[in-house]
$ cat data.pdb   # PDB, C-alpha atoms and all ligand atoms
ATOM      1  CA  MET A   1      87.759  66.902 -49.509
ATOM      2  CA  ASN A   2      90.966  65.525 -50.999
ATOM      3  CA  SER A   3      91.273  66.744 -54.608
ATOM      4  CA  THR A   4      92.894  63.551 -55.954
ATOM      5  CA  PRO A   5      90.060  61.323 -57.132
ATOM      6  CA  VAL A   6      89.679  57.983 -55.376
ATOM      7  CA  ILE A   7      88.612  56.465 -58.698
ATOM      8  CA  ASP A   8      89.794  57.797 -62.045
ATOM      9  CA  VAL A   9      88.492  56.098 -65.174
ATOM     10  CA  ALA A  10      89.626  57.444 -68.539
ATOM     11  CA  ARG A  11      88.315  56.327 -71.932
ATOM     12  CA  LEU A  12      87.482  52.852 -70.737
ATOM     13  CA  ASN A  13      86.447  50.258 -73.297
ATOM     14  CA  LEU A  14      85.478  46.633 -72.884
ATOM     15  CA  THR A  15      84.458  44.185 -75.557
ATOM     16  CA  TYR A  16      83.138  40.669 -75.098
ATOM     17  CA  GLY A  17      83.901  39.086 -78.477
ATOM     18  CA  ASP A  18      82.002  41.268 -80.956
ATOM     19  CA  HIS A  19      79.969  43.007 -78.281
ATOM     20  CA  HIS A  20      81.196  46.458 -77.290
ATOM     21  CA  ALA A  21      79.858  46.504 -73.705
ATOM     22  CA  VAL A  22      81.660  49.621 -72.375
ATOM     23  CA  LYS A  23      82.315  52.495 -74.761
ATOM     24  CA  ASP A  24      84.821  55.203 -73.950
ATOM     25  CA  VAL A  25      83.609  55.742 -70.385
ATOM     26  CA  SER A  26      85.407  58.405 -68.347
ATOM     27  CA  LEU A  27      84.436  59.216 -64.783
ATOM     28  CA  GLN A  28      85.930  60.220 -61.482
ATOM     29  CA  VAL A  29      84.803  59.559 -57.925
ATOM     30  CA  ARG A  30      86.052  62.027 -55.337
ATOM     31  CA  SER A  31      87.059  61.291 -51.794
ATOM     32  CA  GLY A  32      84.054  61.112 -49.453
ATOM     33  CA  GLU A  33      81.472  61.046 -52.237
ATOM     34  CA  LEU A  34      78.567  58.695 -52.675
ATOM     35  CA  TYR A  35      78.595  58.103 -56.429
ATOM     36  CA  ALA A  36      75.721  56.100 -57.893
ATOM     37  CA  LEU A  37      76.337  54.318 -61.170
ATOM     38  CA  LEU A  38      72.868  53.719 -62.564
ATOM     39  CA  GLY A  39      71.512  52.604 -65.877
ATOM     40  CA  THR A  40      69.223  50.518 -67.966
ATOM     41  CA  ASN A  41      69.591  46.718 -68.026
ATOM     42  CA  GLY A  42      72.711  45.640 -69.878
ATOM     43  CA  ALA A  43      74.047  49.212 -69.889
ATOM     44  CA  GLY A  44      77.510  48.121 -68.783
ATOM     45  CA  LYS A  45      77.513  49.045 -65.082
ATOM     46  CA  THR A  46      78.636  45.676 -63.759
ATOM     47  CA  SER A  47      81.277  45.374 -66.488
ATOM     48  CA  THR A  48      82.627  48.838 -65.639
ATOM     49  CA  LEU A  49      82.651  48.117 -61.911
ATOM     50  CA  GLU A  50      84.317  44.735 -62.372
ATOM     51  CA  ILE A  51      87.214  46.526 -64.060
ATOM     52  CA  VAL A  52      87.365  49.219 -61.372
ATOM     53  CA  GLU A  53      87.269  46.521 -58.679
ATOM     54  CA  GLY A  54      90.205  44.770 -60.367
ATOM     55  CA  HIS A  55      88.206  41.660 -61.271
ATOM     56  CA  ARG A  56      88.375  42.142 -65.025
ATOM     57  CA  ALA A  57      90.899  43.583 -67.499
ATOM     58  CA  ALA A  58      89.857  46.468 -69.757
ATOM     59  CA  THR A  59      90.145  46.213 -73.535
ATOM     60  CA  SER A  60      91.526  49.771 -73.548
ATOM     61  CA  GLY A  61      91.629  52.882 -71.389
ATOM     62  CA  THR A  62      93.045  53.510 -67.944
ATOM     63  CA  VAL A  63      91.632  52.942 -64.476
ATOM     64  CA  ARG A  64      93.249  54.190 -61.294
ATOM     65  CA  VAL A  65      92.011  53.516 -57.761
ATOM     66  CA  PHE A  66      93.876  55.485 -55.092
ATOM     67  CA  GLY A  67      96.262  56.330 -57.943
ATOM     68  CA  GLN A  68      97.079  52.636 -58.461
ATOM     69  CA  ASP A  69      96.182  49.976 -60.980
ATOM     70  CA  PRO A  70      93.233  48.091 -59.397
ATOM     71  CA  ARG A  71      94.744  44.810 -60.608
ATOM     72  CA  ASP A  72      97.539  45.495 -58.129
ATOM     73  CA  ARG A  73      95.524  43.784 -55.405
ATOM     74  CA  ARG A  74      98.058  44.270 -52.645
ATOM     75  CA  ALA A  75      97.929  48.042 -53.006
ATOM     76  CA  VAL A  76      94.203  48.456 -53.503
ATOM     77  CA  ARG A  77      92.352  45.537 -51.875
ATOM     78  CA  PRO A  78      93.116  46.355 -48.217
ATOM     79  CA  ARG A  79      91.596  49.793 -48.724
ATOM     80  CA  THR A  80      88.478  48.527 -50.508
ATOM     81  CA  GLY A  81      85.292  46.729 -49.422
ATOM     82  CA  ILE A  82      83.122  45.077 -52.041
ATOM     83  CA  MET A  83      79.530  43.903 -51.744
ATOM     84  CA  LEU A  84      78.830  41.992 -54.929
ATOM     85  CA  GLN A  85      75.390  41.255 -56.349
ATOM     86  CA  GLU A  86      75.812  37.590 -55.502
ATOM     87  CA  SER A  87      77.686  36.377 -52.494
ATOM     88  CA  GLY A  88      80.420  33.814 -52.766
ATOM     89  CA  PHE A  89      80.256  32.392 -49.252
ATOM     90  CA  SER A  90      80.935  28.784 -48.579
ATOM     91  CA  PRO A  91      77.564  27.293 -47.480
ATOM     92  CA  ASP A  92      79.136  25.028 -44.859
ATOM     93  CA  LEU A  93      80.860  27.793 -42.924
ATOM     94  CA  THR A  94      79.043  29.548 -40.120
ATOM     95  CA  VAL A  95      78.354  33.269 -40.205
ATOM     96  CA  ARG A  96      81.142  33.852 -37.671
ATOM     97  CA  GLU A  97      83.641  31.766 -39.658
ATOM     98  CA  SER A  98      82.729  33.534 -42.919
ATOM     99  CA  VAL A  99      83.288  36.980 -41.455
ATOM    100  CA  ARG A 100      86.513  35.913 -39.778
ATOM    101  CA  LEU A 101      87.863  34.395 -42.999
ATOM    102  CA  ILE A 102      86.956  37.310 -45.259
ATOM    103  CA  GLY A 103      88.013  39.814 -42.612
ATOM    104  CA  LYS A 104      91.436  38.227 -42.427
ATOM    105  CA  LEU A 105      91.785  38.368 -46.216
ATOM    106  CA  THR A 106      91.135  42.127 -46.225
ATOM    107  CA  GLY A 107      94.125  42.728 -43.941
ATOM    108  CA  ARG A 108      92.063  45.327 -42.029
ATOM    109  CA  THR A 109      91.507  45.425 -38.309
ATOM    110  CA  ASP A 110      88.039  44.807 -36.858
ATOM    111  CA  THR A 111      86.172  42.226 -34.805
ATOM    112  CA  VAL A 112      83.579  39.716 -35.926
ATOM    113  CA  GLU A 113      81.292  40.822 -33.068
ATOM    114  CA  HIS A 114      81.453  44.433 -34.180
ATOM    115  CA  VAL A 115      80.467  43.841 -37.820
ATOM    116  CA  LEU A 116      77.785  41.300 -36.927
ATOM    117  CA  GLY A 117      76.370  43.903 -34.558
ATOM    118  CA  ILE A 118      76.236  46.444 -37.414
ATOM    119  CA  VAL A 119      74.017  44.134 -39.481
ATOM    120  CA  ASP A 120      72.085  42.657 -36.551
ATOM    121  CA  LEU A 121      73.307  39.107 -37.173
ATOM    122  CA  THR A 122      74.849  38.502 -33.741
ATOM    123  CA  SER A 123      72.224  35.885 -32.898
ATOM    124  CA  LYS A 124      73.078  34.027 -36.145
ATOM    125  CA  ALA A 125      76.836  33.883 -35.548
ATOM    126  CA  GLY A 126      76.798  30.086 -35.160
ATOM    127  CA  THR A 127      74.382  29.442 -38.055
ATOM    128  CA  LYS A 128      75.634  27.946 -41.297
ATOM    129  CA  VAL A 129      75.428  30.252 -44.312
ATOM    130  CA  SER A 130      73.262  27.678 -46.125
ATOM    131  CA  GLN A 131      70.615  28.165 -43.435
ATOM    132  CA  LEU A 132      70.374  31.955 -43.765
ATOM    133  CA  SER A 133      67.458  33.635 -45.500
ATOM    134  CA  GLY A 134      68.111  35.694 -48.639
ATOM    135  CA  GLY A 135      67.941  38.958 -46.701
ATOM    136  CA  GLU A 136      70.282  37.634 -43.993
ATOM    137  CA  LYS A 137      72.805  36.616 -46.664
ATOM    138  CA  ARG A 138      72.665  40.153 -48.093
ATOM    139  CA  ARG A 139      73.349  41.539 -44.616
ATOM    140  CA  LEU A 140      76.274  39.153 -44.216
ATOM    141  CA  ASP A 141      77.570  40.392 -47.569
ATOM    142  CA  PHE A 142      77.363  43.949 -46.310
ATOM    143  CA  ALA A 143      79.085  42.993 -43.042
ATOM    144  CA  THR A 144      82.090  41.559 -44.885
ATOM    145  CA  ALA A 145      82.263  44.584 -47.233
ATOM    146  CA  VAL A 146      82.440  47.035 -44.325
ATOM    147  CA  TYR A 147      84.800  44.953 -42.158
ATOM    148  CA  GLY A 148      87.441  47.345 -40.877
ATOM    149  CA  ALA A 149      85.633  50.440 -42.298
ATOM    150  CA  PRO A 150      87.465  50.547 -45.654
ATOM    151  CA  GLU A 151      88.171  53.860 -47.369
ATOM    152  CA  LEU A 152      86.306  52.802 -50.516
ATOM    153  CA  ILE A 153      83.178  50.628 -50.522
ATOM    154  CA  PHE A 154      81.389  49.215 -53.578
ATOM    155  CA  LEU A 155      77.736  48.399 -52.957
ATOM    156  CA  ASP A 156      76.192  46.507 -55.864
ATOM    157  CA  GLU A 157      72.404  46.477 -55.408
ATOM    158  CA  PRO A 158      72.859  46.342 -51.622
ATOM    159  CA  THR A 159      69.199  46.462 -50.600
ATOM    160  CA  THR A 160      67.725  43.948 -53.039
ATOM    161  CA  GLY A 161      65.735  41.427 -50.996
ATOM    162  CA  LEU A 162      65.947  43.415 -47.752
ATOM    163  CA  ASP A 163      62.879  44.326 -45.727
ATOM    164  CA  ILE A 164      62.337  47.981 -44.847
ATOM    165  CA  GLN A 165      63.914  47.733 -41.359
ATOM    166  CA  SER A 166      67.048  46.108 -42.789
ATOM    167  CA  ARG A 167      67.220  48.719 -45.544
ATOM    168  CA  ASP A 168      66.978  51.568 -43.075
ATOM    169  CA  ALA A 169      69.630  49.903 -40.889
ATOM    170  CA  LEU A 170      71.940  49.426 -43.867
ATOM    171  CA  TRP A 171      71.627  53.072 -44.924
ATOM    172  CA  SER A 172      72.225  54.283 -41.410
ATOM    173  CA  SER A 173      75.453  52.195 -41.338
ATOM    174  CA  VAL A 174      76.436  53.719 -44.672
ATOM    175  CA  ASP A 175      75.823  57.198 -43.236
ATOM    176  CA  LYS A 176      78.149  56.402 -40.321
ATOM    177  CA  LEU A 177      80.858  55.099 -42.641
ATOM    178  CA  ARG A 178      80.551  58.245 -44.729
ATOM    179  CA  ALA A 179      80.782  60.428 -41.660
ATOM    180  CA  ALA A 180      84.034  58.612 -40.885
ATOM    181  CA  GLY A 181      85.284  59.436 -44.406
ATOM    182  CA  SER A 182      84.509  56.374 -46.562
ATOM    183  CA  THR A 183      83.824  56.852 -50.268
ATOM    184  CA  ILE A 184      80.883  54.839 -51.614
ATOM    185  CA  VAL A 185      80.126  53.592 -55.110
ATOM    186  CA  LEU A 186      76.547  52.368 -55.394
ATOM    187  CA  THR A 187      74.588  50.586 -58.082
ATOM    188  CA  THR A 188      70.884  50.101 -57.601
ATOM    189  CA  HIS A 189      67.637  49.828 -59.505
ATOM    190  CA  TYR A 190      65.835  51.517 -56.564
ATOM    191  CA  LEU A 191      66.093  55.002 -57.972
ATOM    192  CA  GLU A 192      64.650  56.708 -54.916
ATOM    193  CA  GLU A 193      67.615  55.438 -52.875
ATOM    194  CA  ALA A 194      70.024  57.047 -55.313
ATOM    195  CA  GLN A 195      67.899  60.192 -55.493
ATOM    196  CA  GLN A 196      67.990  60.572 -51.706
ATOM    197  CA  ARG A 197      71.618  59.687 -51.098
ATOM    198  CA  ALA A 198      73.890  60.145 -54.080
ATOM    199  CA  ASP A 199      76.137  63.202 -54.305
ATOM    200  CA  ARG A 200      76.497  62.501 -58.004
ATOM    201  CA  ILE A 201      75.002  60.045 -60.436
ATOM    202  CA  GLY A 202      76.476  58.497 -63.562
ATOM    203  CA  LEU A 203      73.752  57.248 -65.861
ATOM    204  CA  MET A 204      74.851  54.510 -68.257
ATOM    205  CA  HIS A 205      72.961  53.480 -71.368
ATOM    206  CA  ARG A 206      74.106  51.023 -74.028
ATOM    207  CA  GLY A 207      77.720  51.067 -72.880
ATOM    208  CA  THR A 208      78.158  54.847 -72.675
ATOM    209  CA  LEU A 209      78.075  57.243 -69.754
ATOM    210  CA  HIS A 210      74.923  58.846 -71.056
ATOM    211  CA  ARG A 211      74.638  61.595 -68.416
ATOM    212  CA  GLU A 212      76.375  62.563 -65.206
ATOM    213  CA  GLY A 213      75.660  65.077 -62.445
ATOM    214  CA  THR A 214      73.867  65.776 -59.190
ATOM    215  CA  VAL A 215      70.206  64.828 -58.934
ATOM    216  CA  SER A 216      69.161  68.419 -59.561
ATOM    217  CA  GLU A 217      71.476  68.708 -62.562
ATOM    218  CA  LEU A 218      69.945  65.586 -64.061
ATOM    219  CA  THR A 219      66.331  66.480 -63.352
ATOM    220  CA  ARG A 220      66.241  70.213 -64.041
ATOM    221  CA  THR A 221      65.926  69.872 -67.811
ATOM    222  CA  LEU A 222      62.694  67.927 -67.391
ATOM    223  CA  PRO A 223      59.385  69.481 -66.297
ATOM    224  CA  ALA A 224      57.673  68.877 -62.953
ATOM    225  CA  VAL A 225      54.122  67.555 -63.086
ATOM    226  CA  ILE A 226      50.847  68.619 -61.469
ATOM    227  CA  ARG A 227      48.034  66.035 -61.537
ATOM    228  CA  PHE A 228      44.390  66.292 -60.569
ATOM    229  CA  THR A 229      40.947  65.076 -61.572
ATOM    230  CA  LEU A 230      37.966  67.253 -62.430
ATOM    231  CA  THR A 231      34.596  65.706 -61.623
ATOM    232  CA  ASN A 232      32.360  68.443 -63.056
ATOM    233  CA  THR A 233      32.351  70.798 -65.995
ATOM    234  CA  THR A 234      34.500  73.800 -65.112
ATOM    235  CA  PRO A 235      35.489  77.142 -66.619
ATOM    236  CA  ALA A 236      38.553  76.973 -68.860
ATOM    237  CA  LEU A 237      41.698  76.008 -66.951
ATOM    238  CA  PRO A 238      44.183  78.864 -66.402
ATOM    239  CA  LEU A 239      47.123  76.755 -67.651
ATOM    240  CA  ARG A 240      47.766  74.448 -70.568
ATOM    241  CA  ALA A 241      46.729  70.994 -69.343
ATOM    242  CA  THR A 242      46.239  67.576 -70.868
ATOM    243  CA  CYS A 243      42.928  66.066 -69.758
ATOM    244  CA  GLU A 244      41.404  62.653 -70.442
ATOM    245  CA  ASN A 245      37.725  61.786 -70.885
ATOM    246  CA  ASP A 246      37.576  60.542 -67.272
ATOM    247  CA  GLY A 247      38.537  64.042 -66.036
ATOM    248  CA  SER A 248      42.121  63.213 -65.046
ATOM    249  CA  CYS A 249      44.478  66.016 -66.028
ATOM    250  CA  PHE A 250      48.168  66.774 -65.871
ATOM    251  CA  ILE A 251      50.193  69.915 -66.336
ATOM    252  CA  GLU A 252      53.898  69.872 -67.110
ATOM    253  CA  THR A 253      55.779  72.872 -65.789
ATOM    254  CA  HIS A 254      59.228  74.295 -65.250
ATOM    255  CA  HIS A 255      57.686  76.761 -62.744
ATOM    256  CA  LEU A 256      56.019  74.481 -60.224
ATOM    257  CA  GLN A 257      55.481  77.011 -57.436
ATOM    258  CA  ARG A 258      54.155  79.770 -59.718
ATOM    259  CA  ASP A 259      51.828  77.453 -61.653
ATOM    260  CA  MET A 260      50.491  75.812 -58.482
ATOM    261  CA  TYR A 261      49.644  79.275 -57.185
ATOM    262  CA  THR A 262      47.775  80.101 -60.416
ATOM    263  CA  LEU A 263      45.909  76.782 -60.429
ATOM    264  CA  LEU A 264      44.898  76.915 -56.764
ATOM    265  CA  GLY A 265      43.812  80.547 -57.088
ATOM    266  CA  TRP A 266      41.649  79.622 -60.082
ATOM    267  CA  ALA A 267      40.128  76.636 -58.260
ATOM    268  CA  GLN A 268      39.353  78.736 -55.210
ATOM    269  CA  TYR A 269      37.785  81.541 -57.260
ATOM    270  CA  HIS A 270      35.532  79.180 -59.226
ATOM    271  CA  ALA A 271      34.872  76.799 -56.300
ATOM    272  CA  VAL A 272      36.315  73.909 -58.302
ATOM    273  CA  GLU A 273      37.441  70.810 -56.470
ATOM    274  CA  LEU A 274      40.773  69.452 -57.743
ATOM    275  CA  CYS A 275      40.410  65.794 -56.742
ATOM    276  CA  ASP A 276      43.504  63.651 -56.061
ATOM    277  CA  LEU A 277      45.679  66.731 -56.444
ATOM    278  CA  GLU A 278      49.402  66.005 -56.458
ATOM    279  CA  ALA A 279      52.395  67.997 -57.507
ATOM    280  CA  GLY A 280      56.001  66.992 -57.412
ATOM    281  CA  PRO A 281      59.418  67.833 -58.752
ATOM    282  CA  THR A 282      60.893  65.749 -61.535
ATOM    283  CA  ARG A 283      62.125  62.435 -60.237
ATOM    284  CA  LEU A 284      65.021  60.332 -61.353
ATOM    285  CA  ASP A 285      62.463  57.870 -62.773
ATOM    286  CA  ASP A 286      61.481  60.550 -65.277
ATOM    287  CA  VAL A 287      65.115  60.993 -66.306
ATOM    288  CA  PHE A 288      65.287  57.250 -66.920
ATOM    289  CA  ARG A 289      62.052  57.232 -68.886
ATOM    290  CA  ALA A 290      63.396  60.071 -71.034
ATOM    291  CA  ILE A 291      66.542  58.144 -71.982
ATOM    292  CA  GLY A 292      64.909  56.619 -75.050
ATOM    293  CA  ASP A 293      63.696  60.073 -76.199
ATOM    294  CA  ASP A 294      67.165  61.707 -76.155
TER
HETATM  295  N1  LIG B 301      80.807  37.620 -69.601
HETATM  296  C1  LIG B 301      80.127  38.166 -70.611
HETATM  297  N2  LIG B 301      80.254  37.721 -71.875
HETATM  298  C2  LIG B 301      79.573  38.290 -72.901
HETATM  299  N3  LIG B 301      78.747  39.340 -72.764
HETATM  300  C3  LIG B 301      78.582  39.844 -71.536
HETATM  301  C4  LIG B 301      79.260  39.292 -70.392
HETATM  302  N4  LIG B 301      78.894  39.999 -69.302
HETATM  303  C5  LIG B 301      78.039  40.957 -69.726
HETATM  304  N5  LIG B 301      77.838  40.848 -71.069
HETATM  305  C6  LIG B 301      76.993  41.747 -71.893
HETATM  306  O1  LIG B 301      77.523  43.049 -71.792
HETATM  307  C7  LIG B 301      76.484  44.022 -71.639
HETATM  308  C8  LIG B 301      76.673  44.793 -70.346
HETATM  309  O2  LIG B 301      76.426  43.911 -69.259
HETATM  310  P1  LIG B 301      76.533  44.391 -67.744
HETATM  311  O3  LIG B 301      76.306  43.176 -66.902
HETATM  312  O4  LIG B 301      77.785  45.145 -67.558
HETATM  313  O5  LIG B 301      75.296  45.396 -67.657
HETATM  314  P2  LIG B 301      74.569  46.045 -66.387
HETATM  315  O6  LIG B 301      74.465  47.499 -66.683
HETATM  316  O7  LIG B 301      75.251  45.658 -65.130
HETATM  317  O8  LIG B 301      73.142  45.384 -66.486
HETATM  318  P3  LIG B 301      71.992  45.005 -65.381
HETATM  319  O9  LIG B 301      71.407  46.285 -64.884
HETATM  320  O10 LIG B 301      71.013  44.267 -66.251
HETATM  321  O11 LIG B 301      72.624  44.166 -64.319
HETATM  322  C9  LIG B 301      75.170  43.225 -71.717
HETATM  323  O12 LIG B 301      74.692  43.315 -73.049
HETATM  324  C10 LIG B 301      75.569  41.816 -71.367
HETATM  325  O13 LIG B 301      74.731  40.891 -72.037
END
$ encode --input "data.pdb" --output "structure tokens"
Amino acid sequence: MNSTPVIDVARLNLTYGDHHAVKDVSLQVRSGELYALLGTNGAGKTSTLEIVEGHRAATSGTVRVFGQDPRDRRAVRPRTGIMLQESGFSPDLTVRESVRLIGKLTGRTDTVEHVLGIVDLTSKAGTKVSQLSGGEKRRLDFATAVYGAPELIFLDEPTTGLDIQSRDALWSSVDKLRAAGSTIVLTTHYLEEAQQRADRIGLMHRGTLHREGTVSELTRTLPAVIRFTLTNTTPALPLRATCENDGSCFIETHHLQRDMYTLLGWAQYHAVELCDLEAGPTRLDDVFRAIGDD
């Protein structure tokens, strides 16, 4: 990996009137990474990305993309693909015309047929944008963002409104772009997508970069959980558990494997059935839920 960051944000601040929307945010995205910028509603993700994308001026701080000021569109735009949350296509243009127009603006080389093939919209090439479904419009958005396989791609909630086949297809296209060296910046409220795919995650809350790290760095401070239901009276449990009147119990643990072994050994010995047994590592959802407790 190239050691010069693709994106370098230092002490970024943005105010809207009296509202301090982005507070002293510093982050770097390295070449080839998939960096997910996640956060609670109104945390400042879109505001931060709009500055990094060159759409908005910062109140203070510095932002460099490929070592350049992102407002220098000629230097940065040809190397960058952007899939915004809401598309800005002209409804009267056809799918083919939209891709051709936006493709030309990027200055990159590609063909309309190729990108429509990536998003499975070849059969809709002659259809007007106004006649596309919501999911098809999202796929068209993605097609224009990846036209010419840019070095840096921003994906803002890319899978919202997509069915499972289209989601899988989109992620497999992202995997191919990454294999070819593209750097990806993702925002999403589907945490499992970030958990599965992000190399690193920046977690924003109330304008600050609240936490940053790999999934395991973010989750390892929180316990894993074992859940089960007891239907009969049993001998005392071998571990500290929280149980409700209906018999449902959970155990929080930082030693999932060891404590599962203890629990299963106990259940086997006493012939206790652990109904609806589940055990899992800490998920990103839990990190989000813990934000308010920090
Ligand atoms: N143009 C604007 N003028 C004034 N305030 C704004 C403007 N855009 C955003 N805000 C405010 O700034 C804060 C950050 O908004 P932003 O859209 O960056 O958050 P976000 O993290 O993208 O949120 P979400 O997950 O809900 O999309 C919010 O409190 C929002 O109300």
$ residues_near_ligand --input "data.pdb" --ligand "ligand LIG 301 (chain B)" --cutoff "7 Å" --atoms "all atoms listed in the file" --output "number ranges by chain"
A: 16, 19, 21, 39-48, 207
$ closest_residue --input "data.pdb" --among "A:Ala179, A:Leu155, A:Val287, A:Leu140" --to "Arg220 of chain A" --atoms "all atoms listed in the file"
A:Val287
$ axis_aligned_box --input "data.pdb" --around "segment 151-156 of chain A" --padding-each-side "5 Å" --output "JSON"
{"center_x": 82.2, "center_y": 50.2, "center_z": -51.6, "size_x": 22.0, "size_y": 17.4, "size_z": 18.5}
$ closest_residue --input "data.pdb" --among "A:Arg73, A:Arg200, A:His270, A:Arg100" --to "Glu217 of chain A" --atoms "all atoms listed in the file"
A:Arg200
$ resolve_selection --input "data.pdb" --expression "the PyMOL selection byres (((chain A and resi 126-131) around 12) and not hetatm)" --output "PyMOL selection string"
chain A and resi 87-99+112-113+116+121-125+132-141
$ resolve_selection --input "data.pdb" --expression "the PyMOL selection byres (((chain A and resi 167) around 12) and not hetatm)" --output "ChimeraX atom specification"
/A:119-120,135-136,138-139,142,157-166,168-174,190,193
$ write_last_selection --input "data.pdb" --atoms "C-alpha atoms" --output "mmCIF file, in the frame of the given file"
data_model
loop_
_atom_site.group_PDB
_atom_site.id
_atom_site.type_symbol
_atom_site.label_atom_id
_atom_site.label_comp_id
_atom_site.auth_asym_id
_atom_site.auth_seq_id
_atom_site.Cartn_x
_atom_site.Cartn_y
_atom_site.Cartn_z
ATOM 1 C CA VAL A 119 74.017 44.134 -39.481
ATOM 2 C CA ASP A 120 72.085 42.657 -36.551
ATOM 3 C CA GLY A 135 67.941 38.958 -46.701
ATOM 4 C CA GLU A 136 70.282 37.634 -43.993
ATOM 5 C CA ARG A 138 72.665 40.153 -48.093
ATOM 6 C CA ARG A 139 73.349 41.539 -44.616
ATOM 7 C CA PHE A 142 77.363 43.949 -46.310
ATOM 8 C CA GLU A 157 72.404 46.477 -55.408
ATOM 9 C CA PRO A 158 72.859 46.342 -51.622
ATOM 10 C CA THR A 159 69.199 46.462 -50.600
ATOM 11 C CA THR A 160 67.725 43.948 -53.039
ATOM 12 C CA GLY A 161 65.735 41.427 -50.996
ATOM 13 C CA LEU A 162 65.947 43.415 -47.752
ATOM 14 C CA ASP A 163 62.879 44.326 -45.727
ATOM 15 C CA ILE A 164 62.337 47.981 -44.847
ATOM 16 C CA GLN A 165 63.914 47.733 -41.359
ATOM 17 C CA SER A 166 67.048 46.108 -42.789
ATOM 18 C CA ASP A 168 66.978 51.568 -43.075
ATOM 19 C CA ALA A 169 69.630 49.903 -40.889
ATOM 20 C CA LEU A 170 71.940 49.426 -43.867
ATOM 21 C CA TRP A 171 71.627 53.072 -44.924
ATOM 22 C CA SER A 172 72.225 54.283 -41.410
ATOM 23 C CA SER A 173 75.453 52.195 -41.338
ATOM 24 C CA VAL A 174 76.436 53.719 -44.672
ATOM 25 C CA TYR A 190 65.835 51.517 -56.564
ATOM 26 C CA GLU A 193 67.615 55.438 -52.875
#
$ atom_distance --input "data.pdb" --atom1 "atom CA of Tyr147 of chain A" --atom2 "atom CA of Gly117 of chain A"
11.4 Å
$ closest_residue --input "data.pdb" --among "A:Pro238, A:His189, A:Leu27, A:Glu244" --to "Leu264 of chain A" --atoms "only C-alpha atoms"
A:Pro238
$ resolve_selection --input "data.pdb" --expression "the PyMOL selection byres (((chain A and resi 180) around 12) and not hetatm)" --output "mmCIF file with C-alpha atoms, in the coordinates of the input"
data_model
loop_
_atom_site.group_PDB
_atom_site.id
_atom_site.type_symbol
_atom_site.label_atom_id
_atom_site.label_comp_id
_atom_site.auth_asym_id
_atom_site.auth_seq_id
_atom_site.Cartn_x
_atom_site.Cartn_y
_atom_site.Cartn_z
ATOM 1 C CA SER A 31 87.059 61.291 -51.794
ATOM 2 C CA GLY A 32 84.054 61.112 -49.453
ATOM 3 C CA GLU A 33 81.472 61.046 -52.237
ATOM 4 C CA GLY A 148 87.441 47.345 -40.877
ATOM 5 C CA ALA A 149 85.633 50.440 -42.298
ATOM 6 C CA PRO A 150 87.465 50.547 -45.654
ATOM 7 C CA GLU A 151 88.171 53.860 -47.369
ATOM 8 C CA LEU A 152 86.306 52.802 -50.516
ATOM 9 C CA SER A 173 75.453 52.195 -41.338
ATOM 10 C CA VAL A 174 76.436 53.719 -44.672
ATOM 11 C CA ASP A 175 75.823 57.198 -43.236
ATOM 12 C CA LYS A 176 78.149 56.402 -40.321
ATOM 13 C CA LEU A 177 80.858 55.099 -42.641
ATOM 14 C CA ARG A 178 80.551 58.245 -44.729
ATOM 15 C CA ALA A 179 80.782 60.428 -41.660
ATOM 16 C CA GLY A 181 85.284 59.436 -44.406
ATOM 17 C CA SER A 182 84.509 56.374 -46.562
ATOM 18 C CA THR A 183 83.824 56.852 -50.268
ATOM 19 C CA ILE A 184 80.883 54.839 -51.614
#
$ atom_distance --input "data.pdb" --atom1 "atom CA of Leu284 of chain A" --atom2 "atom CA of Gly213 of chain A"
11.7 Å
$ closest_residue --input "data.pdb" --among "A:Asp259, A:Asp246, A:Glu192, A:Glu273" --to "Leu38 of chain A" --atoms "only C-alpha atoms"
A:Glu192
$ atom_distance --input "data.pdb" --atom1 "atom CA of Leu263 of chain A" --atom2 "atom CA of Ile226 of chain A"
9.6 Å
$ residues_around --input "data.pdb" --residues "Val6 of chain A" --least-positions-apart "3" --cutoff "7 Å" --atoms "only C-alpha atoms" --output "ChimeraX atom specification"
/A:29-31,65-66
$ closest_residue --input "data.pdb" --among "A:His210, A:His55, A:Arg108, A:Arg79" --to "Ala290 of chain A" --atoms "only C-alpha atoms"
A:His210
$ residues_around --input "data.pdb" --residues "Leu218 of chain A" --least-positions-apart "4" --cutoff "10 Å" --atoms "all atoms listed in the file" --output "list in words"
Arg200, Ile201, Gly202, Leu203, Arg211, Glu212, Gly213, Thr214, Leu222, Thr282, Arg283, Leu284, Asp286, Val287 and Phe288 of chain A
$ write_last_selection --input "data.pdb" --atoms "C-alpha atoms" --output "mmCIF file, keeping the file's coordinate frame"
data_model
loop_
_atom_site.group_PDB
_atom_site.id
_atom_site.type_symbol
_atom_site.label_atom_id
_atom_site.label_comp_id
_atom_site.auth_asym_id
_atom_site.auth_seq_id
_atom_site.Cartn_x
_atom_site.Cartn_y
_atom_site.Cartn_z
ATOM 1 C CA ARG A 200 76.497 62.501 -58.004
ATOM 2 C CA ILE A 201 75.002 60.045 -60.436
ATOM 3 C CA GLY A 202 76.476 58.497 -63.562
ATOM 4 C CA LEU A 203 73.752 57.248 -65.861
ATOM 5 C CA ARG A 211 74.638 61.595 -68.416
ATOM 6 C CA GLU A 212 76.375 62.563 -65.206
ATOM 7 C CA GLY A 213 75.660 65.077 -62.445
ATOM 8 C CA THR A 214 73.867 65.776 -59.190
ATOM 9 C CA LEU A 222 62.694 67.927 -67.391
ATOM 10 C CA THR A 282 60.893 65.749 -61.535
ATOM 11 C CA ARG A 283 62.125 62.435 -60.237
ATOM 12 C CA LEU A 284 65.021 60.332 -61.353
ATOM 13 C CA ASP A 286 61.481 60.550 -65.277
ATOM 14 C CA VAL A 287 65.115 60.993 -66.306
ATOM 15 C CA PHE A 288 65.287 57.250 -66.920
#
